[in-house]
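Q: This is the structure, below, for whatever I ask next.
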Amino acid sequence: MIRLRGVTKTYTRGGETLVVLDHLDLDMEEGGFFALMGPSGSGKTTLLNLIGGLDHCDSGQIIVDGEDIARMSGPELAAWRAETVGFVFQGFNLIPVLTAQENVELPLLLTDLSRRERHEHARLALELVGLDDRRGHRPSQLSGGQEQRVAIARAFVTDPKMILADEPTGDLDRKSADDVLTLLVRLNREFGKTILMVTHDAQAADRARAIVHMEKGGTLGRIERRERQPAPI
Amino acid sequence: MVPLRLVTKNLAKHKLRFALTVLSLAIAIFLLCVLRSLVVALNAGVAAAASNRVIVQSKVSLFVYLPQSYGPKLALVDGVESIVRWNWFGGYYQEPSNFFAQFATDGKQLFEVYDELEIVDGSAEDFLRDRKACLLGQDTALKYGKKVGDTFPIIGTIFARLDGEPWDFQIAGIYRSSKATLDSNTLFFHYEFLEKSLEAGATVGPSGVGIFVLKLAPGADPVAVMSEVDAMFENGPQVVQATTEAEFQAQFVSMVGNVPMFVSSIGGGVMLAILLAALNTMLMSAREQTRDVGVLKALGFTDGSVFGILLAQGLVLCGTGGVIGILLAKVSEPGMTRMLSSMFPGYQVTDGTVMEAAGATLAIGLLSGIAPALRARSLSVIDALRAVR
């Protein structure tokens, strides 16, 4: 489903060019749960951003479901993101002035759903992450773990094909992190979502079906595949 | 797609900042309405001036009196139907601050020349019958609580009485004017009363006539009449200047300086200051929302949507202030009209002024919203998400 060929990404900082991804080739099948691991500066987050259409590569192809998103224009990418990808960020990135319900409804504004349907979809998503009773709470009134679960609800409420998570447990305690990982595993196993998760946490990576190791300098290391995924906690 | 709930909630996030900005906008728009209304009031007489009236005054100055003997000669000019004398009295009621316009005039001719003058209480006959009677504008009557039958003592300044007493005028009628050419604040009394008092030595002051107002017969050519009048007194003893009523009113407005320009300058300054204040608020607000912009873009909202959200915030912020300002101007209109009746008779917040204020509000909203909106539109998702909240 996801095929990267010769993907190169460089940044220029203070006149110096930094190669973040260097002619990267990678294949990831649909319905997989991939953990991206590697040292700082190995290009994990950059790779996630490129696959999620948040950034453009300098060269190469990023083919998702047969479409080369590296060739898409800004508005095309925006429409593609709205339909195909759900994002979960380390800092949760909920809109602080909106309630949990409103945050989850936000991506549904880009669909053809009626107001009532949007409301119902968001309610169901929050119910699925166990926060039905926190619908009217603003992010500041929620714990970190609850915020991240709202963010997960927002990520899958539009029923995207893949969910990209950048250090989703980085700011959470162990218990909350486990809850979040369990949710991601459920989304992968029960709903068939393809999940890409950047993490430094070996325990978190253990919950994935495959671990993609990135090397310093933006090259691909080994890919560790697991025959059997551990059961959710 | 612009999520309106997000627009309003972002504005309401800092309630005090929002309230203060809205309040300053409301005051600025209110001030704009007031200033524009003053200009409208000043120009109202010019705009409504009758085309069948010609004013004859000294060519030297409005303050130089014309000989009484000019009256009969002017009445004989071809095309002149009626003629009335006006003399500025310049008195006040009780205190110098209670100043308003009073004129000595010819009672009967006043009604002939000014058909917009309508008696709302008392009668023209009572006024014409009594030499000491006066007609009082209804706004002034209301202001000082005067009614028909009351004595209205006016202290003369140009025509001070030698016994030190005020002039006691009997109110025979209350009038209002149906046109802006005549205000509803003035006190008219008989020229004859002033003339006899001067002759009797009961008062001191200049003799002569301030202005003659000529009412032209239907079909008469004002230009021809004015030319004939100017030529008639070309060799004195006082050279005259005949003008249309519109020119005369315009001359009055210009006597106090270029008021429209002055008022517009103040209005422009106020608008510029408030634009900068609104822009500052919007830029601060937009900077705080940088990360939200990144989230929205990541979710699939386009650059245009994000632009729309920030622009809408500017418009809602300024629109709220503008609407409050305009409402304040409309609500305060009756009070302002009363308060400014002496200096600016005819003060009113016209539909044109409301439209101008609405236009200024829209312009401030667009200008204050567009800079943060452009910034948000051009932000990359990655840079926006990196912003510290």
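Convention: chains lettered A, B, ... in structure tokens order; per-chain residue numbering from 1; ligands numbered from 1 as shown.
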Hey, what's within 12 Å of Gly346 of chain B if we count only C-alpha atoms and toss same-chain stuff fewer than 5 positions away? As a PDB file with C-alpha atoms, in the first residue's frame, please?
A:
ATOM      1  CA  SER B  37     -23.443  63.981  11.663  1.00  0.00           C
ATOM      2  CA  LEU B  38     -21.948  67.354  12.610  1.00  0.00           C
ATOM      3  CA  VAL B  39     -20.753  67.832   9.041  1.00  0.00           C
ATOM      4  CA  VAL B  40     -24.162  66.753   7.751  1.00  0.00           C
ATOM      5  CA  ALA B  41     -25.805  69.265  10.101  1.00  0.00           C
ATOM      6  CA  LEU B  42     -23.490  72.023   8.878  1.00  0.00           C
ATOM      7  CA  ASN B  43     -24.227  71.248   5.262  1.00  0.00           C
ATOM      8  CA  ALA B  44     -27.935  70.571   5.726  1.00  0.00           C
ATOM      9  CA  GLY B  45     -28.869  74.180   5.089  1.00  0.00           C
ATOM     10  CA  VAL B  46     -26.791  74.258   1.924  1.00  0.00           C
ATOM     11  CA  ALA B  47     -28.284  71.023   0.652  1.00  0.00           C
ATOM     12  CA  ALA B  48     -31.863  72.077   1.348  1.00  0.00           C
ATOM     13  CA  ASP B 139     -36.565  72.771  20.279  1.00  0.00           C
ATOM     14  CA  ARG B 176     -41.167  74.098  13.793  1.00  0.00           C
ATOM     15  CA  SER B 177     -39.532  74.013  10.414  1.00  0.00           C
ATOM     16  CA  SER B 178     -40.330  71.392   7.813  1.00  0.00           C
ATOM     17  CA  LYS B 179     -37.009  71.977   6.003  1.00  0.00           C
ATOM     18  CA  ALA B 180     -33.340  72.252   6.973  1.00  0.00           C
ATOM     19  CA  THR B 181     -33.214  75.796   5.562  1.00  0.00           C
ATOM     20  CA  LEU B 182     -34.694  77.012   8.817  1.00  0.00           C
ATOM     21  CA  ASP B 183     -33.939  75.449  12.192  1.00  0.00           C
ATOM     22  CA  SER B 184     -36.413  74.961  15.014  1.00  0.00           C
ATOM     23  CA  ASN B 185     -34.335  76.739  17.649  1.00  0.00           C
ATOM     24  CA  GLU B 333     -29.344  60.831  18.533  1.00  0.00           C
ATOM     25  CA  PRO B 334     -32.291  62.536  20.289  1.00  0.00           C
ATOM     26  CA  MET B 336     -27.327  64.801  20.989  1.00  0.00           C
ATOM     27  CA  THR B 337     -29.818  66.715  18.863  1.00  0.00           C
ATOM     28  CA  ARG B 338     -31.060  68.534  21.965  1.00  0.00           C
ATOM     29  CA  MET B 339     -27.567  69.119  23.324  1.00  0.00           C
ATOM     30  CA  LEU B 340     -26.198  70.463  20.048  1.00  0.00           C
ATOM     31  CA  SER B 341     -29.342  72.302  18.948  1.00  0.00           C
TER      32      SER B 341
END
Q: Could you make a table, as JSON lines, of the residues of chain B that have an atom within 12 Å of an atom of chain A, each with its nearest atom pair and distance in Å to one decimal, counting only C-alpha atoms, in chain and number order?
A:
{"residue": "B:Met1", "atom": "CA", "partner": "A:Leu110", "partner_atom": "CA", "distance": 7.1}
{"residue": "B:Val2", "atom": "CA", "partner": "A:Leu109", "partner_atom": "CA", "distance": 8.8}
{"residue": "B:Pro3", "atom": "CA", "partner": "A:Leu109", "partner_atom": "CA", "distance": 7.5}
{"residue": "B:Leu4", "atom": "CA", "partner": "A:Leu109", "partner_atom": "CA", "distance": 10.8}
{"residue": "B:Arg5", "atom": "CA", "partner": "A:Leu98", "partner_atom": "CA", "distance": 8.4}
{"residue": "B:Leu6", "atom": "CA", "partner": "A:Leu98", "partner_atom": "CA", "distance": 7.2}
{"residue": "B:Val7", "atom": "CA", "partner": "A:Val97", "partner_atom": "CA", "distance": 9.9}
{"residue": "B:Thr8", "atom": "CA", "partner": "A:Val97", "partner_atom": "CA", "distance": 9.6}
{"residue": "B:Lys9", "atom": "CA", "partner": "A:Val97", "partner_atom": "CA", "distance": 6.0}
{"residue": "B:Asn10", "atom": "CA", "partner": "A:Val97", "partner_atom": "CA", "distance": 6.4}
{"residue": "B:Leu11", "atom": "CA", "partner": "A:Val97", "partner_atom": "CA", "distance": 9.5}
{"residue": "B:Ala12", "atom": "CA", "partner": "A:Val97", "partner_atom": "CA", "distance": 8.7}
{"residue": "B:Lys13", "atom": "CA", "partner": "A:Val97", "partner_atom": "CA", "distance": 6.7}
{"residue": "B:His14", "atom": "CA", "partner": "A:Val97", "partner_atom": "CA", "distance": 10.3}
{"residue": "B:Glu288", "atom": "CA", "partner": "A:Pro96", "partner_atom": "CA", "distance": 10.8}
{"residue": "B:Gln289", "atom": "CA", "partner": "A:Ile95", "partner_atom": "CA", "distance": 8.9}
{"residue": "B:Thr290", "atom": "CA", "partner": "A:Ile95", "partner_atom": "CA", "distance": 10.9}
{"residue": "B:Arg291", "atom": "CA", "partner": "A:Asn93", "partner_atom": "CA", "distance": 7.7}
{"residue": "B:Asp292", "atom": "CA", "partner": "A:Ile95", "partner_atom": "CA", "distance": 6.0}
{"residue": "B:Val293", "atom": "CA", "partner": "A:Ile95", "partner_atom": "CA", "distance": 9.4}
{"residue": "B:Gly294", "atom": "CA", "partner": "A:Asn93", "partner_atom": "CA", "distance": 9.1}
{"residue": "B:Val295", "atom": "CA", "partner": "A:Asn93", "partner_atom": "CA", "distance": 6.7}
{"residue": "B:Leu296", "atom": "CA", "partner": "A:Pro107", "partner_atom": "CA", "distance": 8.2}
{"residue": "B:Lys297", "atom": "CA", "partner": "A:Ala78", "partner_atom": "CA", "distance": 7.0}
{"residue": "B:Ala298", "atom": "CA", "partner": "A:Leu54", "partner_atom": "CA", "distance": 6.5}
{"residue": "B:Leu299", "atom": "CA", "partner": "A:Ala82", "partner_atom": "CA", "distance": 5.6}
{"residue": "B:Gly300", "atom": "CA", "partner": "A:Ala82", "partner_atom": "CA", "distance": 4.2}
{"residue": "B:Phe301", "atom": "CA", "partner": "A:Ala78", "partner_atom": "CA", "distance": 6.3}
{"residue": "B:Thr302", "atom": "CA", "partner": "A:Ala78", "partner_atom": "CA", "distance": 5.8}
{"residue": "B:Asp303", "atom": "CA", "partner": "A:Pro75", "partner_atom": "CA", "distance": 7.7}
{"residue": "B:Gly304", "atom": "CA", "partner": "A:Pro75", "partner_atom": "CA", "distance": 9.0}
{"residue": "B:Ser305", "atom": "CA", "partner": "A:Leu110", "partner_atom": "CA", "distance": 10.4}
{"residue": "B:Val306", "atom": "CA", "partner": "A:Ala78", "partner_atom": "CA", "distance": 11.8}
{"residue": "B:Arg377", "atom": "CA", "partner": "A:Gly74", "partner_atom": "CA", "distance": 11.3}
{"residue": "B:Ser378", "atom": "CA", "partner": "A:Gly74", "partner_atom": "CA", "distance": 11.1}
{"residue": "B:Leu379", "atom": "CA", "partner": "A:Leu54", "partner_atom": "CA", "distance": 11.8}
{"residue": "B:Ser380", "atom": "CA", "partner": "A:Asp55", "partner_atom": "CA", "distance": 8.1}
{"residue": "B:Val381", "atom": "CA", "partner": "A:Leu54", "partner_atom": "CA", "distance": 6.1}
{"residue": "B:Ile382", "atom": "CA", "partner": "A:Leu54", "partner_atom": "CA", "distance": 6.8}
{"residue": "B:Asp383", "atom": "CA", "partner": "A:Asp55", "partner_atom": "CA", "distance": 10.1}
{"residue": "B:Ala384", "atom": "CA", "partner": "A:Leu54", "partner_atom": "CA", "distance": 10.9}
{"residue": "B:Leu385", "atom": "CA", "partner": "A:Asn93", "partner_atom": "CA", "distance": 8.3}
{"residue": "B:Arg386", "atom": "CA", "partner": "A:Gly91", "partner_atom": "CA", "distance": 10.2}
{"residue": "B:Ala387", "atom": "CA", "partner": "A:Asn93", "partner_atom": "CA", "distance": 11.0}
{"residue": "B:Val388", "atom": "CA", "partner": "A:Gly91", "partner_atom": "CA", "distance": 10.5}
{"residue": "B:Arg389", "atom": "CA", "partner": "A:Asn93", "partner_atom": "CA", "distance": 9.6}
Q: Smallest atom-to-atom distance to Ser207 of chain B: which of B:Thr151, B:Gln68, B:Gly319, B:Ser332, using only C-alpha atoms?
A: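 Of the candidates, the smallest distance to Ser207 of chain B is held by B:Gln68.
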Q: For atom CA of Leu36 of chain A and atom CA of Glu67 of chain A, determine how far apart the two atoms are, in Å to one decimal place.
A: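 Between these atoms lies a distance of 22.3 Å.
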Q: Provide the atom CA of Leu47 of chain A to atom CA of Pro160 of chain A distance in Å, to one decimal place.
A: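 If I compute the distance from atom CA of Leu47 of chain A to atom CA of Pro160 of chain A, I get 18.9 Å.
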Q: Residues at most 7 Å from Met197 of chain A, counting only C-alpha atoms, excluding those fewer than 3 positions away in the same chain, as a compact mmCIF listing (two decimals) with N, CA and C atoms, in the first residue's frame?
A:
# COMPACT_ATOMS: atom_id res chain seq x y z
N PHE A 34 3.12 -0.47 11.98
CA PHE A 34 4.56 -0.29 11.90
C PHE A 34 5.03 0.69 12.97
N ALA A 35 6.09 0.27 13.64
CA ALA A 35 6.74 1.21 14.56
C ALA A 35 8.02 1.69 13.89
N LEU A 36 8.21 2.99 13.85
CA LEU A 36 9.44 3.56 13.28
C LEU A 36 10.34 3.93 14.44
N LEU A 164 -1.35 7.98 11.43
CA LEU A 164 0.07 8.24 11.65
C LEU A 164 0.22 8.85 13.05
N ALA A 165 1.05 8.22 13.84
CA ALA A 165 1.20 8.67 15.22
C ALA A 165 2.66 9.00 15.49
N ASP A 166 2.90 10.24 15.91
CA ASP A 166 4.27 10.68 16.18
C ASP A 166 4.48 10.73 17.69
N GLU A 167 5.22 9.75 18.20
CA GLU A 167 5.46 9.64 19.65
C GLU A 167 4.15 9.78 20.44
Q: With only C-alpha atoms as the basis for distance, which of A:Ser42, A:Gln148, A:Thr8, A:Gln101 is at the shortest distance from Gly217 of chain A?
A: A:Ser42
Q: What residues in segment 1-172 of chain B get the DSSP label helix (DSSP H, G or I)? Please answer as a PyMOL selection string.
A: chain B and resi 4-13+15-48+70-75+107-113+124-129+138-144
Q: Quote the spacing between atom CA of Gly269 of chain B and atom CA of Arg36 of chain B in Å to one decimal place.
A: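 Between atom CA of Gly269 of chain B and atom CA of Arg36 of chain B the gap works out to 13.6 Å.
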Q: Hey, what's within 12 Å of Gly219 of chain B if we count only C-alpha atoms and toss same-chain stuff fewer than 6 positions away? As a PyMOL selection string, please?
A: chain B and resi 51-52+78-81+225
Q: Go ahead and save the picked residues with N, CA and C atoms, as a PDB file, in the first residue's frame.
A:
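Saved to selection24.pdb:
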ATOM      1  N   SER B  51     -34.361  77.532  -3.983  1.00  0.00           N
ATOM      2  CA  SER B  51     -33.826  78.172  -5.189  1.00  0.00           C
ATOM      3  C   SER B  51     -34.547  79.480  -5.486  1.00  0.00           C
ATOM      4  N   ASN B  52     -35.640  79.750  -4.739  1.00  0.00           N
ATOM      5  CA  ASN B  52     -36.407  80.969  -5.030  1.00  0.00           C
ATOM      6  C   ASN B  52     -36.174  82.058  -3.983  1.00  0.00           C
ATOM      7  N   ASP B  78     -37.581  93.733 -10.474  1.00  0.00           N
ATOM      8  CA  ASP B  78     -38.415  92.837 -11.272  1.00  0.00           C
ATOM      9  C   ASP B  78     -38.179  91.379 -10.856  1.00  0.00           C
ATOM     10  N   GLY B  79     -39.223  90.679 -10.519  1.00  0.00           N
ATOM     11  CA  GLY B  79     -39.109  89.261 -10.132  1.00  0.00           C
ATOM     12  C   GLY B  79     -39.164  89.053  -8.627  1.00  0.00           C
ATOM     13  N   VAL B  80     -39.099  90.132  -7.854  1.00  0.00           N
ATOM     14  CA  VAL B  80     -39.155  89.992  -6.394  1.00  0.00           C
ATOM     15  C   VAL B  80     -40.623  90.009  -5.952  1.00  0.00           C
ATOM     16  N   GLU B  81     -41.009  88.943  -5.239  1.00  0.00           N
ATOM     17  CA  GLU B  81     -42.397  88.824  -4.811  1.00  0.00           C
ATOM     18  C   GLU B  81     -42.596  89.374  -3.408  1.00  0.00           C
ATOM     19  N   VAL B 225     -32.022  88.649 -11.178  1.00  0.00           N
ATOM     20  CA  VAL B 225     -32.367  89.446  -9.989  1.00  0.00           C
ATOM     21  C   VAL B 225     -31.092  89.842  -9.248  1.00  0.00           C
TER      22      VAL B 225
END
Q: Any idea what's packed within 10 Å of Ala172 of chain B, counting only C-alpha atoms, ignoring anything in its chain fewer than 2 positions away? Could you give it as a VMD selection string?
A: chain B and resid 119 121 to 130 132 to 136 147 to 151 169 to 170 174 to 175 189
Q: Write out as a PyMOL selection string the residues lying within 10 Å of Ala202 of chain A, counting only C-alpha atoms and excluding same-chain residues fewer than 5 positions away.
A: chain A and resi 35+37+207+211
Q: Counting only C-alpha atoms, which of A:Glu117, A:Val88, A:Asp27, A:Thr111 gets nearest to Ile63 of chain A?
A: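 Once distances to Ile63 of chain A are computed over only C-alpha atoms, the minimum belongs to A:Asp27.
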Q: When distances are computed from only C-alpha atoms, which of B:Gln249, B:Val270, B:Glu234, B:Ser368 shows the smallest separation from Leu315 of chain B?
A: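 So, comparing all the options, the nearest one is B:Ser368.
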